[in-house]
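Q: The following file, model-v6.txt, comprises compact mmCIF, C-alpha atoms:
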# COMPACT_ATOMS: atom_id res chain seq x y z
CA MET A 1 137.47 120.58 158.31
CA ALA A 2 133.88 119.83 159.10
CA VAL A 3 133.28 123.02 161.00
CA GLU A 4 133.22 124.93 157.75
CA HIS A 5 129.89 123.35 156.84
CA GLY A 6 128.27 124.83 159.89
CA GLU A 7 126.70 121.41 160.58
CA SER A 8 125.98 119.75 163.88
CA PRO A 9 127.96 116.53 164.50
CA ALA A 10 124.79 114.48 163.85
CA GLU A 11 124.20 116.28 160.56
CA TYR A 12 127.85 115.80 159.68
CA ILE A 13 127.64 112.03 160.19
CA ALA A 14 124.33 111.76 158.37
CA HIS A 15 125.74 113.76 155.49
CA HIS A 16 128.71 111.44 155.23
CA LEU A 17 126.49 108.38 155.23
CA THR A 18 124.14 109.60 152.51
CA HIS A 19 124.53 108.48 148.94
CA LEU A 20 124.17 110.64 145.90
CA LYS A 21 120.91 109.24 144.55
CA VAL A 22 119.00 109.29 141.33
CA GLY A 23 115.47 107.91 140.98
CA SER A 24 113.04 106.80 143.64
CA GLY A 25 111.74 103.72 145.39
CA PHE A 26 113.40 100.52 144.27
CA TRP A 27 114.64 102.23 141.15
CA THR A 28 116.99 104.44 143.09
CA TRP A 29 120.55 104.45 141.85
CA HIS A 30 123.50 105.29 144.05
CA VAL A 31 125.51 107.32 141.60
CA ASP A 32 128.59 107.51 143.84
CA THR A 33 128.77 103.75 144.41
CA LEU A 34 128.25 102.95 140.76
CA PHE A 35 130.63 105.61 139.54
CA MET A 36 133.43 104.76 141.96
CA SER A 37 133.18 100.99 141.50
CA ALA A 38 133.04 101.29 137.73
CA LEU A 39 135.93 103.77 137.72
CA LEU A 40 138.04 101.51 139.93
CA ALA A 41 137.08 98.45 137.91
CA PHE A 42 138.26 100.28 134.83
CA VAL A 43 141.49 101.50 136.47
CA VAL A 44 142.33 98.06 137.87
CA SER A 45 141.54 96.31 134.59
CA PHE A 46 143.59 98.84 132.69
CA ILE A 47 146.61 98.52 135.00
CA LEU A 48 146.48 94.72 134.77
CA TRP A 49 146.08 94.85 131.01
CA PHE A 50 148.81 97.50 130.69
CA ALA A 51 151.23 95.40 132.72
CA ALA A 52 150.44 92.23 130.81
CA ARG A 53 150.62 93.58 127.28
CA GLY A 54 153.60 93.33 124.94
CA ASP A 55 156.37 90.82 124.59
CA ARG A 56 157.07 89.39 128.00
CA SER A 57 158.74 86.12 127.04
CA THR A 58 161.99 87.60 125.74
CA LYS A 59 162.22 91.10 127.17
CA ALA A 60 163.04 91.88 130.79
CA PRO A 61 159.84 92.70 132.70
CA THR A 62 159.17 96.21 133.94
CA GLY A 63 158.58 96.80 137.62
CA LEU A 64 154.83 96.99 137.07
CA THR A 65 154.83 93.76 135.09
CA ALA A 66 156.80 91.98 137.76
CA PHE A 67 154.42 93.30 140.39
CA VAL A 68 151.33 92.16 138.50
CA GLU A 69 152.88 88.77 137.77
CA TRP A 70 153.71 88.44 141.44
CA ILE A 71 150.10 89.18 142.43
CA TYR A 72 148.81 86.83 139.75
CA ASP A 73 151.12 84.05 140.88
CA TRP A 74 150.16 84.54 144.49
CA VAL A 75 146.44 84.48 143.67
CA ASP A 76 146.98 81.44 141.48
CA GLN A 77 148.76 79.61 144.29
CA GLN A 78 145.93 80.48 146.70
CA VAL A 79 143.39 79.13 144.23
CA ALA A 80 145.50 76.05 143.57
CA GLY A 81 145.43 75.23 147.26
CA ILE A 82 141.64 75.37 147.37
CA TYR A 83 140.28 74.38 144.00
CA PRO A 84 141.15 71.04 142.43
CA GLY A 85 141.14 70.75 138.68
CA GLN A 86 141.29 73.28 135.86
CA ARG A 87 141.47 76.57 137.69
CA ARG A 88 142.10 79.28 135.12
CA PHE A 89 138.65 80.80 135.45
CA MET A 90 138.82 80.50 139.24
CA THR A 91 142.12 82.39 139.18
CA ALA A 92 140.53 85.07 137.01
CA LEU A 93 137.59 85.33 139.42
CA ALA A 94 139.89 85.52 142.43
CA LEU A 95 142.17 88.05 140.75
CA THR A 96 139.20 90.21 139.78
CA LEU A 97 137.68 90.11 143.24
CA PHE A 98 140.95 90.70 145.05
CA CYS A 99 142.23 93.60 142.96
CA TRP A 100 138.87 95.26 142.67
CA VAL A 101 137.98 94.93 146.35
CA VAL A 102 141.43 96.15 147.40
CA ALA A 103 141.02 99.19 145.15
CA MET A 104 137.53 99.91 146.45
CA ASN A 105 138.46 99.36 150.11
CA THR A 106 141.48 101.62 149.71
CA MET A 107 139.09 104.52 149.04
CA ASP A 108 138.40 104.40 152.76
CA LEU A 109 141.93 105.67 153.39
CA LEU A 110 141.22 108.92 151.59
CA PRO A 111 140.62 111.78 154.02
CA VAL A 112 136.94 111.62 154.95
CA ASP A 113 136.00 115.04 153.67
CA LEU A 114 138.18 115.21 150.60
CA PRO A 115 136.05 113.21 148.13
CA GLY A 116 132.93 115.08 149.19
CA HIS A 117 134.61 118.44 148.64
CA PHE A 118 135.99 117.28 145.34
CA ALA A 119 132.56 116.05 144.23
CA SER A 120 130.90 119.27 145.35
CA VAL A 121 133.06 121.09 142.81
CA PHE A 122 131.05 119.20 140.20
CA GLY A 123 127.80 120.03 141.94
CA ALA A 124 127.27 116.78 143.86
CA LYS A 125 125.61 117.33 147.23
CA PHE A 126 126.63 113.94 148.60
CA TRP A 127 129.47 111.64 147.78
CA ARG A 128 130.30 108.38 149.53
CA VAL A 129 133.55 107.35 148.01
CA LEU A 130 133.67 103.81 149.43
CA PRO A 131 131.62 101.42 147.26
CA THR A 132 132.18 98.47 149.62
CA SER A 133 130.38 100.24 152.47
CA ASP A 134 127.27 100.23 150.31
CA LEU A 135 125.40 96.96 150.84
CA ASN A 136 124.20 97.15 147.25
CA GLY A 137 127.79 96.87 146.10
CA THR A 138 128.85 93.91 148.20
CA ILE A 139 125.55 92.06 147.78
CA ALA A 140 125.84 92.47 144.01
CA GLU A 141 129.18 90.70 144.06
CA ALA A 142 127.74 88.05 146.38
CA ILE A 143 124.84 87.48 143.97
CA VAL A 144 127.27 86.88 141.13
CA VAL A 145 129.12 84.43 143.39
CA LEU A 146 125.79 82.71 144.17
CA ALA A 147 125.09 82.38 140.47
CA LEU A 148 128.56 80.92 139.90
CA ILE A 149 128.02 78.44 142.75
CA ILE A 150 124.83 77.20 141.10
CA ILE A 151 126.36 77.18 137.60
CA PHE A 152 129.40 75.21 138.69
CA SER A 153 127.31 72.80 140.75
CA VAL A 154 125.12 72.06 137.76
CA ARG A 155 128.15 71.79 135.51
CA ALA A 156 129.79 69.28 137.86
CA LYS A 157 126.69 67.18 138.65
CA GLY A 158 124.23 67.83 135.85
CA ILE A 159 120.77 69.31 136.37
CA GLY A 160 119.39 65.98 137.59
CA GLY A 161 122.21 65.38 140.00
CA TYR A 162 121.95 68.88 141.37
CA LEU A 163 118.19 68.66 141.90
CA ARG A 164 118.53 65.19 143.44
CA GLU A 165 121.01 66.66 145.92
CA TRP A 166 118.49 69.37 146.81
CA ALA A 167 115.89 66.69 147.48
CA THR A 168 117.93 64.00 149.23
CA ALA A 169 120.90 65.58 151.00
CA PRO A 170 121.60 65.48 153.86
CA PHE A 171 118.66 63.53 155.44
CA GLY A 172 117.60 61.23 152.62
CA ILE A 173 114.52 61.35 150.39
CA TRP A 174 111.97 60.76 153.22
CA LEU A 175 112.72 64.15 154.75
CA LEU A 176 112.54 65.99 151.47
CA PRO A 177 111.02 69.26 152.75
CA PHE A 178 113.66 69.56 155.43
CA ASN A 179 116.36 68.88 152.90
CA ILE A 180 115.07 71.62 150.65
CA ILE A 181 114.78 74.09 153.52
CA LEU A 182 118.26 73.26 154.76
CA ASN A 183 119.84 73.43 151.32
CA PHE A 184 118.11 76.72 150.67
CA ILE A 185 119.49 78.19 153.89
CA GLU A 186 122.91 76.77 153.21
CA LEU A 187 122.95 78.15 149.68
CA LEU A 188 121.84 81.63 150.70
CA ALA A 189 123.91 81.87 153.89
CA LYS A 190 127.16 81.75 151.97
CA PRO A 191 126.78 84.77 149.66
CA ILE A 192 124.80 86.79 152.21
CA SER A 193 127.47 86.34 154.87
CA LEU A 194 130.10 87.08 152.23
CA GLY A 195 128.48 90.37 151.22
CA MET A 196 127.52 91.36 154.76
CA ARG A 197 131.00 90.69 156.13
CA LEU A 198 132.73 93.01 153.69
CA TYR A 199 129.99 95.62 154.01
CA GLY A 200 130.08 95.50 157.80
CA ASN A 201 133.81 95.77 158.08
CA MET A 202 134.13 98.64 155.66
CA TYR A 203 131.10 100.45 157.03
CA ALA A 204 132.51 100.23 160.54
CA GLY A 205 135.88 101.43 159.35
CA GLU A 206 134.34 104.34 157.52
CA LEU A 207 132.21 105.25 160.51
CA LEU A 208 135.23 105.24 162.78
CA PHE A 209 137.05 107.61 160.42
CA ILE A 210 134.01 109.90 160.54
CA LEU A 211 133.90 109.72 164.34
CA ILE A 212 137.60 110.53 164.55
CA ALA A 213 136.97 113.45 162.24
CA LEU A 214 134.30 114.64 164.72
CA LEU A 215 137.16 115.52 167.05
CA GLY A 216 137.65 118.43 164.72
CA PHE A 217 134.40 119.91 166.09
CA ALA A 218 136.17 120.37 169.41
CA VAL A 219 138.83 122.56 167.82
CA THR A 220 137.35 125.99 168.50
CA GLY A 221 140.30 128.24 169.01
CA LEU A 222 143.67 128.53 170.65
CA THR A 223 142.73 126.66 173.85
CA LEU A 224 144.25 123.68 175.60
CA TRP A 225 141.25 121.45 174.80
CA SER A 226 141.39 122.48 171.18
CA GLY A 227 145.03 121.53 171.01
CA LEU A 228 144.41 118.16 172.65
CA ALA A 229 141.48 117.45 170.34
CA PHE A 230 143.56 118.37 167.34
CA LEU A 231 146.40 116.08 168.42
CA ALA A 232 143.93 113.31 169.23
CA GLN A 233 142.31 113.63 165.81
CA ILE A 234 145.66 113.34 164.07
CA GLY A 235 146.91 110.55 166.34
CA PHE A 236 143.77 108.42 166.14
CA GLY A 237 143.37 109.12 162.45
CA VAL A 238 146.90 107.95 161.67
CA GLY A 239 146.61 104.93 163.95
CA TRP A 240 143.29 103.81 162.56
CA ALA A 241 144.42 104.41 158.98
CA ILE A 242 147.50 102.23 159.48
CA PHE A 243 145.43 99.52 161.13
CA HIS A 244 142.83 99.88 158.42
CA ILE A 245 145.38 98.97 155.75
CA LEU A 246 145.35 95.52 157.33
CA ILE A 247 141.56 95.36 157.21
CA VAL A 248 141.50 96.58 153.61
CA LEU A 249 143.79 93.75 152.51
CA LEU A 250 142.39 91.13 154.86
CA GLN A 251 138.79 91.71 153.80
CA ALA A 252 139.81 91.66 150.16
CA TYR A 253 141.66 88.38 150.75
CA ILE A 254 138.63 86.85 152.48
CA PHE A 255 136.39 88.10 149.69
CA MET A 256 138.74 86.49 147.16
CA VAL A 257 139.16 83.11 148.90
CA LEU A 258 135.63 82.37 150.12
CA PRO A 259 133.92 82.33 146.69
CA ILE A 260 136.56 79.87 145.50
CA VAL A 261 135.98 77.74 148.61
CA TYR A 262 132.21 77.87 148.07
CA ILE A 263 132.45 76.89 144.41
CA SER A 264 134.92 74.15 145.25
CA MET A 265 132.53 72.81 147.91
CA ALA A 266 129.57 73.09 145.55
CA GLU A 267 131.30 70.86 143.01
CA GLU A 268 131.87 68.14 145.59
CA HIS A 269 129.26 65.45 145.99
CA HIS A 270 127.47 65.18 149.28
CA MET B 1 121.17 100.29 154.41
CA ASP B 2 118.69 100.28 151.61
CA ILE B 3 118.72 97.72 148.86
CA ASN B 4 117.77 99.25 145.57
CA ALA B 5 118.54 99.13 141.88
CA THR B 6 122.16 100.03 142.54
CA PHE B 7 123.05 96.38 142.97
CA ILE B 8 121.84 95.64 139.44
CA GLY B 9 124.25 98.20 138.09
CA GLN B 10 126.94 96.80 140.34
CA ILE B 11 126.34 93.27 139.01
CA ILE B 12 126.74 94.58 135.47
CA VAL B 13 129.97 96.36 136.38
CA PHE B 14 131.27 93.23 138.05
CA LEU B 15 130.35 90.96 135.16
CA ILE B 16 131.99 93.23 132.60
CA MET B 17 135.16 93.41 134.66
CA LEU B 18 135.13 89.67 135.30
CA TRP B 19 134.65 88.99 131.61
CA PHE B 20 137.51 91.31 130.67
CA ILE B 21 139.89 89.88 133.27
CA ALA B 22 139.01 86.25 132.50
CA LYS B 23 138.97 86.55 128.71
CA VAL B 24 141.69 89.12 128.07
CA VAL B 25 143.96 89.87 130.99
CA VAL B 26 144.50 86.49 132.63
CA PRO B 27 145.42 84.72 129.37
CA MET B 28 147.79 87.61 128.64
CA ILE B 29 149.42 87.32 132.06
CA ALA B 30 149.40 83.55 132.20
CA LYS B 31 150.75 82.68 128.75
CA PRO B 32 154.35 83.91 129.21
CA ILE B 33 154.35 82.60 132.79
CA ASP B 34 153.26 79.15 131.59
CA GLU B 35 155.86 79.26 128.83
CA ARG B 36 158.48 80.26 131.37
CA TYR B 37 157.45 77.41 133.68
CA ALA B 38 157.62 74.98 130.75
CA LYS B 39 161.02 76.32 129.71
CA ILE B 40 162.39 76.04 133.24
CA ALA B 41 160.97 72.54 133.60
CA ASP B 42 162.54 71.55 130.27
CA GLY B 43 165.86 73.02 131.33
CA LEU B 44 165.79 71.14 134.60
CA ALA B 45 164.87 67.92 132.83
CA ALA B 46 167.71 68.45 130.35
CA ALA B 47 170.14 69.10 133.19
CA ASP B 48 168.97 65.90 134.88
CA ALA B 49 169.42 63.94 131.66
CA GLY B 50 172.89 65.45 131.19
CA GLN B 51 173.83 64.53 134.72
CA LYS B 52 172.66 60.98 134.15
CA GLN B 53 174.56 60.74 130.87
CA LEU B 54 177.68 62.06 132.56
CA GLN B 55 177.36 59.44 135.27
CA GLN B 56 176.90 56.71 132.70
CA ALA B 57 179.86 57.94 130.69
CA SER B 58 182.15 58.11 133.70
CA ALA B 59 180.96 54.68 134.80
CA SER B 60 181.72 53.21 131.40
CA ALA B 61 185.08 55.01 131.32
CA ASP B 62 185.90 53.45 134.69
CA GLN B 63 184.89 50.08 133.28
CA ILE B 64 187.13 50.54 130.26
CA VAL B 65 190.09 51.60 132.39
CA ARG B 66 189.55 48.63 134.69
CA GLU B 67 189.41 46.26 131.74
CA ALA B 68 192.54 47.78 130.20
CA ARG B 69 194.37 47.44 133.49
CA GLU B 70 193.27 43.83 133.75
CA ARG B 71 194.37 43.13 130.21
CA ALA B 72 197.77 44.78 130.76
CA LYS B 73 198.28 42.63 133.82
CA GLN B 74 197.43 39.55 131.82
CA VAL B 75 199.82 40.51 129.03
CA ASP B 76 202.54 41.21 131.54
CA GLU B 77 202.06 37.85 133.24
CA GLN B 78 201.99 36.05 129.93
CA ALA B 79 205.24 37.71 128.81
CA GLN B 80 206.88 36.86 132.08
CA ARG B 81 205.76 33.27 131.84
CA ARG B 82 206.94 32.95 128.29
CA SER B 83 210.34 34.45 129.02
CA THR B 84 210.80 32.06 131.94
CA GLU B 85 209.79 29.18 129.73
CA THR B 86 212.19 30.29 127.00
CA ILE B 87 215.04 30.61 129.46
CA GLU B 88 214.26 27.20 130.96
CA ALA B 89 214.09 25.61 127.50
CA ALA B 90 217.41 27.17 126.48
CA LYS B 91 218.98 25.96 129.71
CA HIS B 92 217.75 22.44 129.09
CA ALA B 93 218.95 22.49 125.48
CA ALA B 94 222.37 23.77 126.52
CA GLN B 95 222.68 21.11 129.22
CA ALA B 96 221.67 18.38 126.78
CA GLU B 97 224.11 19.66 124.18
CA GLY B 98 226.90 19.81 126.74
CA ALA B 99 226.19 16.26 127.86
CA ARG B 100 226.12 15.05 124.29
CA LEU B 101 229.43 16.75 123.47
CA LEU B 102 230.96 15.34 126.62
CA ALA B 103 229.78 11.82 125.75
CA ALA B 104 231.09 12.17 122.20
CA ALA B 105 234.48 13.35 123.45
CA GLN B 106 234.66 10.53 125.96
CA ALA B 107 233.84 8.02 123.24
CA GLU B 108 236.50 9.50 120.96
CA VAL B 109 239.05 9.37 123.71
CA SER B 110 238.32 5.73 124.52
CA ASN B 111 238.33 4.79 120.81
CA GLU B 112 241.70 6.49 120.40
CA SER B 113 243.20 4.70 123.39
CA VAL B 114 241.85 1.31 122.20
CA ARG B 115 243.25 1.95 118.76
CA ALA B 116 246.62 3.06 120.16
CA SER B 117 246.95 0.09 122.46
CA GLU B 118 246.08 -2.24 119.60
CA ALA B 119 248.70 -0.66 117.38
CA LEU B 120 251.19 -0.89 120.21
CA ARG B 121 250.40 -4.53 120.67
CA ARG B 122 250.81 -5.26 116.97
CA GLU B 123 254.05 -3.36 116.85
CA PHE B 124 255.25 -5.18 120.01
CA GLY B 125 254.35 -8.57 118.43
CA SER B 126 256.23 -7.92 115.23
CA LEU B 127 259.18 -6.63 117.27
CA VAL B 128 259.19 -9.86 119.26
CA VAL B 129 259.01 -11.93 116.04
CA LYS B 130 261.81 -9.92 114.51
CA ALA B 131 263.97 -10.37 117.57
CA ALA B 132 263.23 -14.08 117.78
CA SER B 133 263.83 -14.60 114.07
CA THR B 134 267.10 -12.86 114.33
CA LEU B 135 268.09 -15.15 117.19
CA VAL B 136 266.97 -18.47 115.65
CA GLU B 137 267.27 -17.66 112.00
CA HIS B 138 268.26 -20.99 110.62
CA GLU B 139 266.47 -23.45 112.78
CA VAL B 140 263.09 -22.16 112.32
CA ASP B 141 260.67 -22.52 109.53
CA PRO B 142 259.52 -18.99 109.20
CA ALA B 143 256.11 -19.94 107.87
CA THR B 144 255.18 -22.21 110.75
CA HIS B 145 256.56 -19.94 113.37
CA ALA B 146 254.96 -16.92 111.86
CA LYS B 147 251.59 -18.60 112.27
CA LEU B 148 252.35 -19.36 115.94
CA LEU B 149 253.50 -15.87 116.58
CA GLU B 150 250.47 -14.36 114.93
CA ARG B 151 248.25 -16.41 117.21
CA LEU B 152 250.28 -15.19 120.15
CA THR B 153 249.94 -11.63 119.02
CA ASP B 154 246.24 -11.97 118.69
CA ASP B 155 246.07 -13.37 122.22
CA ILE B 156 248.02 -10.44 123.53
CA ALA B 157 245.92 -8.01 121.58
CA ARG B 158 242.77 -9.56 122.98
CA GLY B 159 244.21 -8.95 126.30
Will you turn the file into structure tokens for me?
A:
Amino acid sequence: MAVEHGESPAEYIAHHLTHLKVGSGFWTWHVDTLFMSALLAFVVSFILWFAARGDRSTKAPTGLTAFVEWIYDWVDQQVAGIYPGQRRFMTALALTLFCWVVAMNTMDLLPVDLPGHFASVFGAKFWRVLPTSDLNGTIAEAIVVLALIIIFSVRAKGIGGYLREWATAPFGIWLLPFNIILNFIELLAKPISLGMRLYGNMYAGELLFILIALLGFAVTGLTLWSGLAFLAQIGFGVGWAIFHILIVLLQAYIFMVLPIVYISMAEEHH
Amino acid sequence: MDINATFIGQIIVFLIMLWFIAKVVVPMIAKPIDERYAKIADGLAAADAGQKQLQQASASADQIVREARERAKQVDEQAQRRSTETIEAAKHAAQAEGARLLAAAQAEVSNESVRASEALRREFGSLVVKAASTLVEHEVDPATHAKLLERLTDDIARG
């Protein structure tokens, strides 16, 4: 428990919200975010690959294979409901985002102090285990989505058609500057809101776990208040963790569906 | 909340994962699923076709049975008609034959009676002549009287 550090509650919170950093200025790297997201990307990719490999057309599927096929089919149906036309890449994008974001969000359910302790064994002073509560992480995904929106728009309309839409929609050619301003805002609002939403939700969830853990500071000995604080910490922690499972999956679902919606909208003509 | 180079690394991680999932994993997952869908669709289509064929076959079987029944009825009626006709024809033939035989018999009978009465008349004539000749033997020229008597006989015979 946090008391062992001999920190004040403010120091405790600050410590939990500090990344393990390398470099300085803009060229600062959050080692924990990068390591955790890459590790989870690898784990998720490996599990999916492991489940999908081998002869599946004649042999009975294993439990893992059936599970992965079920997720794939569900994601595919979601994409089919949103995206008209050839959707294999969209399904891959949605599957990647969903599985990866679920895996990353799930890190929030680890006990707040455990990853930090574990990392300190390897000499890390700080360790934020939740990559999706780092704005760098969610904005990076949103930037890729932004790039895909532009790529698919151009692919559907051609460079000329896409630029003409920038100039003429929605007010017509005579209000060209307003069109450009509006399109610029519209284009940026989508990925920024996408990244911010996930970041905000997970950051808030993480912060609430930390605040619940602060109840541990009130446990000072065998007193009535200590006992109540202890029970409250356990009760709130369990309650919030169970509720947070919903947020973990819901945010991952939103983060999977919205890019497909945006790309689908971008391919439509105004 | 500080934006720094981390997001560049994160983009790279994301792109690598996206590439791997899109190029390797999703085709691996999707191929057997697509094959399975195709197989199930084929099976359902085959079942549909079989059902249709069965319906057609039973319909044509019904048709054949109906035709056969119709034909049997026709044959039956024809046989009945023919047997009635045959019986009628036989009846007619028998009646005609009976009538003919009856007519022939009647003719025979009348012929016989005519012949008998004629013979009786002749015999009666000659008896009369004999009796008369016996009575008037000497006074009568037999030749002349024979002629007279013959004429008489003929008259009697004619009735």
Q: Within 8 Å of (131.6, 106.4, 143.0) (file coordinates; all atoms listed in the file), which protein or nucleic acid residues are there? I'd like them as number ranges by chain.
A: A: 31-39, 127-131
Q: Mind dumping the selected residues with C-alpha atoms as an mmCIF file, keeping the file's coordinate frame?
A:
data_model
loop_
_atom_site.group_PDB
_atom_site.id
_atom_site.type_symbol
_atom_site.label_atom_id
_atom_site.label_comp_id
_atom_site.auth_asym_id
_atom_site.auth_seq_id
_atom_site.Cartn_x
_atom_site.Cartn_y
_atom_site.Cartn_z
ATOM 1 C CA VAL A 31 125.510 107.320 141.600
ATOM 2 C CA ASP A 32 128.590 107.510 143.840
ATOM 3 C CA THR A 33 128.770 103.750 144.410
ATOM 4 C CA LEU A 34 128.250 102.950 140.760
ATOM 5 C CA PHE A 35 130.630 105.610 139.540
ATOM 6 C CA MET A 36 133.430 104.760 141.960
ATOM 7 C CA SER A 37 133.180 100.990 141.500
ATOM 8 C CA ALA A 38 133.040 101.290 137.730
ATOM 9 C CA LEU A 39 135.930 103.770 137.720
ATOM 10 C CA TRP A 127 129.470 111.640 147.780
ATOM 11 C CA ARG A 128 130.300 108.380 149.530
ATOM 12 C CA VAL A 129 133.550 107.350 148.010
ATOM 13 C CA LEU A 130 133.670 103.810 149.430
ATOM 14 C CA PRO A 131 131.620 101.420 147.260
#
Q: What are the residues of chain A that have an atom within 6 Å of an atom of chain B, counting all atoms listed in the file, as an MDAnalysis selection string?
A: chainID A and resid 26:30 38 49 52 57 92 136:137 140
Q: Go ahead and compute the interatomic distance for atom CA of A:Ser153 and atom CA of A:Val75, in Å to one decimal.
A: 22.6 Å
Q: Of the residues A:Leu187, A:Ala142, A:Val248, A:Leu182, which is the one nearest to A:Gly205, using only C-alpha atoms?
A: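 Closest to A:Gly205 of all the choices is A:Val248.
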Q: Name all residues at most 9 Å from stretch 213-224 of chain A (count all atoms listed in the file; drop same-chain ones fewer than 5 positions away) and give them as a PyMOL selection string.
A: chain A and resi 1-3+8-9+12-13+112-113+208+229-230+232-234+237
Q: What is the atom CA of B:Ala103 to atom CA of B:Ala90 distance in Å?
A: 19.7 Å
Q: Set the distance at 12 Å and use all atoms listed in the file: which residues neighbour B:Val128 once local chain neighbours fewer than 2 positions away are removed? I'd like the list as JSON, numbers by chain.
A: {"B": [121, 122, 123, 124, 125, 126, 130, 131, 132, 133, 134, 135, 145, 146, 149, 150, 152, 153, 156]}
Q: Keeping only C-alpha atoms, write the selected residues to a file as a short mmCIF file (atom, residue, chain, number, x, y, z; two decimals), keeping the file's coordinate frame.
A:
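So selection_25.cif came out as:
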data_model
loop_
_atom_site.label_atom_id
_atom_site.label_comp_id
_atom_site.auth_asym_id
_atom_site.auth_seq_id
_atom_site.Cartn_x
_atom_site.Cartn_y
_atom_site.Cartn_z
CA ARG B 121 250.40 -4.53 120.67
CA ARG B 122 250.81 -5.26 116.97
CA GLU B 123 254.05 -3.36 116.85
CA PHE B 124 255.25 -5.18 120.01
CA GLY B 125 254.35 -8.57 118.43
CA SER B 126 256.23 -7.92 115.23
CA LYS B 130 261.81 -9.92 114.51
CA ALA B 131 263.97 -10.37 117.57
CA ALA B 132 263.23 -14.08 117.78
CA SER B 133 263.83 -14.60 114.07
CA THR B 134 267.10 -12.86 114.33
CA LEU B 135 268.09 -15.15 117.19
CA HIS B 145 256.56 -19.94 113.37
CA ALA B 146 254.96 -16.92 111.86
CA LEU B 149 253.50 -15.87 116.58
CA GLU B 150 250.47 -14.36 114.93
CA LEU B 152 250.28 -15.19 120.15
CA THR B 153 249.94 -11.63 119.02
CA ILE B 156 248.02 -10.44 123.53
#
Q: When you draw a straight line from atom CA of A:Val238 to atom CA of A:Phe209, how long is it in Å?
A: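 Between atom CA of A:Val238 and atom CA of A:Phe209 the gap works out to 9.9 Å.
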Q: Would you give the centre and edge lengths, in Å to one decimal, of a box along x, y and z around the listed atoms of stretch 97-101 of chain B, with 5 Å added to each side, as lines of an AutoDock Vina configuration file?
A:
center_x = 226.8
center_y = 17.4
center_z = 125.7
size_x = 15.3
size_y = 14.8
size_z = 14.4
Q: My list of candidates is B:Ser117, B:Ser60, B:Gln80, B:Thr144. Which is closest to B:Ala157 when distances are computed with all atoms listed in the file?
A: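 Nearest to B:Ala157: B:Ser117.
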Q: List the neighbours of A:Ile149 out to 12 Å using all atoms listed in the file; skip same-chain residues closer than 6 positions along the sequence, and give me the result as an NGL selection string.
A: :A and (90 or 142-143 or 155-156 or 162 or 186-188 or 190-191 or 258-268)
Q: Just the selected residues (C-alpha atoms), exported as a tab-separated table (two decimals), keeping the file's coordinate frame, please.
A:
chain	number	residue	atom	x	y	z
A	90	MET	CA	138.82	80.50	139.24
A	142	ALA	CA	127.74	88.05	146.38
A	143	ILE	CA	124.84	87.48	143.97
A	155	ARG	CA	128.15	71.79	135.51
A	156	ALA	CA	129.79	69.28	137.86
A	162	TYR	CA	121.95	68.88	141.37
A	186	GLU	CA	122.91	76.77	153.21
A	187	LEU	CA	122.95	78.15	149.68
A	188	LEU	CA	121.84	81.63	150.70
A	190	LYS	CA	127.16	81.75	151.97
A	191	PRO	CA	126.78	84.77	149.66
A	258	LEU	CA	135.63	82.37	150.12
A	259	PRO	CA	133.92	82.33	146.69
A	260	ILE	CA	136.56	79.87	145.50
A	261	VAL	CA	135.98	77.74	148.61
A	262	TYR	CA	132.21	77.87	148.07
A	263	ILE	CA	132.45	76.89	144.41
A	264	SER	CA	134.92	74.15	145.25
A	265	MET	CA	132.53	72.81	147.91
A	266	ALA	CA	129.57	73.09	145.55
A	267	GLU	CA	131.30	70.86	143.01
A	268	GLU	CA	131.87	68.14	145.59
Q: My structure is short of atoms at stretch 85-93 of chain B; please model N, CA and C atoms there, returning them as an mmCIF file, in the frame of the given file.
A:
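Once written, result-v2.cif looks like this:
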data_model
loop_
_atom_site.group_PDB
_atom_site.id
_atom_site.type_symbol
_atom_site.label_atom_id
_atom_site.label_comp_id
_atom_site.auth_asym_id
_atom_site.auth_seq_id
_atom_site.Cartn_x
_atom_site.Cartn_y
_atom_site.Cartn_z
ATOM 1 N N GLU B 85 209.791 30.442 130.483
ATOM 2 C CA GLU B 85 209.790 29.180 129.730
ATOM 3 C C GLU B 85 210.952 29.116 128.755
ATOM 4 N N THR B 86 211.138 30.244 128.011
ATOM 5 C CA THR B 86 212.190 30.290 127.000
ATOM 6 C C THR B 86 213.554 30.049 127.638
ATOM 7 N N ILE B 87 213.745 30.738 128.787
ATOM 8 C CA ILE B 87 215.040 30.610 129.460
ATOM 9 C C ILE B 87 215.246 29.163 129.909
ATOM 10 N N GLU B 88 214.154 28.584 130.497
ATOM 11 C CA GLU B 88 214.260 27.200 130.960
ATOM 12 C C GLU B 88 214.619 26.273 129.809
ATOM 13 N N ALA B 89 213.882 26.474 128.685
ATOM 14 C CA ALA B 89 214.090 25.610 127.500
ATOM 15 C C ALA B 89 215.532 25.724 127.020
ATOM 16 N N ALA B 90 216.041 26.949 126.965
ATOM 17 C CA ALA B 90 217.410 27.170 126.480
ATOM 18 C C ALA B 90 218.405 26.474 127.395
ATOM 19 N N LYS B 91 218.097 26.587 128.738
ATOM 20 C CA LYS B 91 218.980 25.960 129.710
ATOM 21 C C LYS B 91 219.042 24.451 129.476
ATOM 22 N N HIS B 92 217.817 23.890 129.322
ATOM 23 C CA HIS B 92 217.750 22.440 129.090
ATOM 24 C C HIS B 92 218.530 22.050 127.852
ATOM 25 N N ALA B 93 218.302 22.811 126.759
ATOM 26 C CA ALA B 93 218.950 22.490 125.480
ATOM 27 C C ALA B 93 220.468 22.551 125.638
#
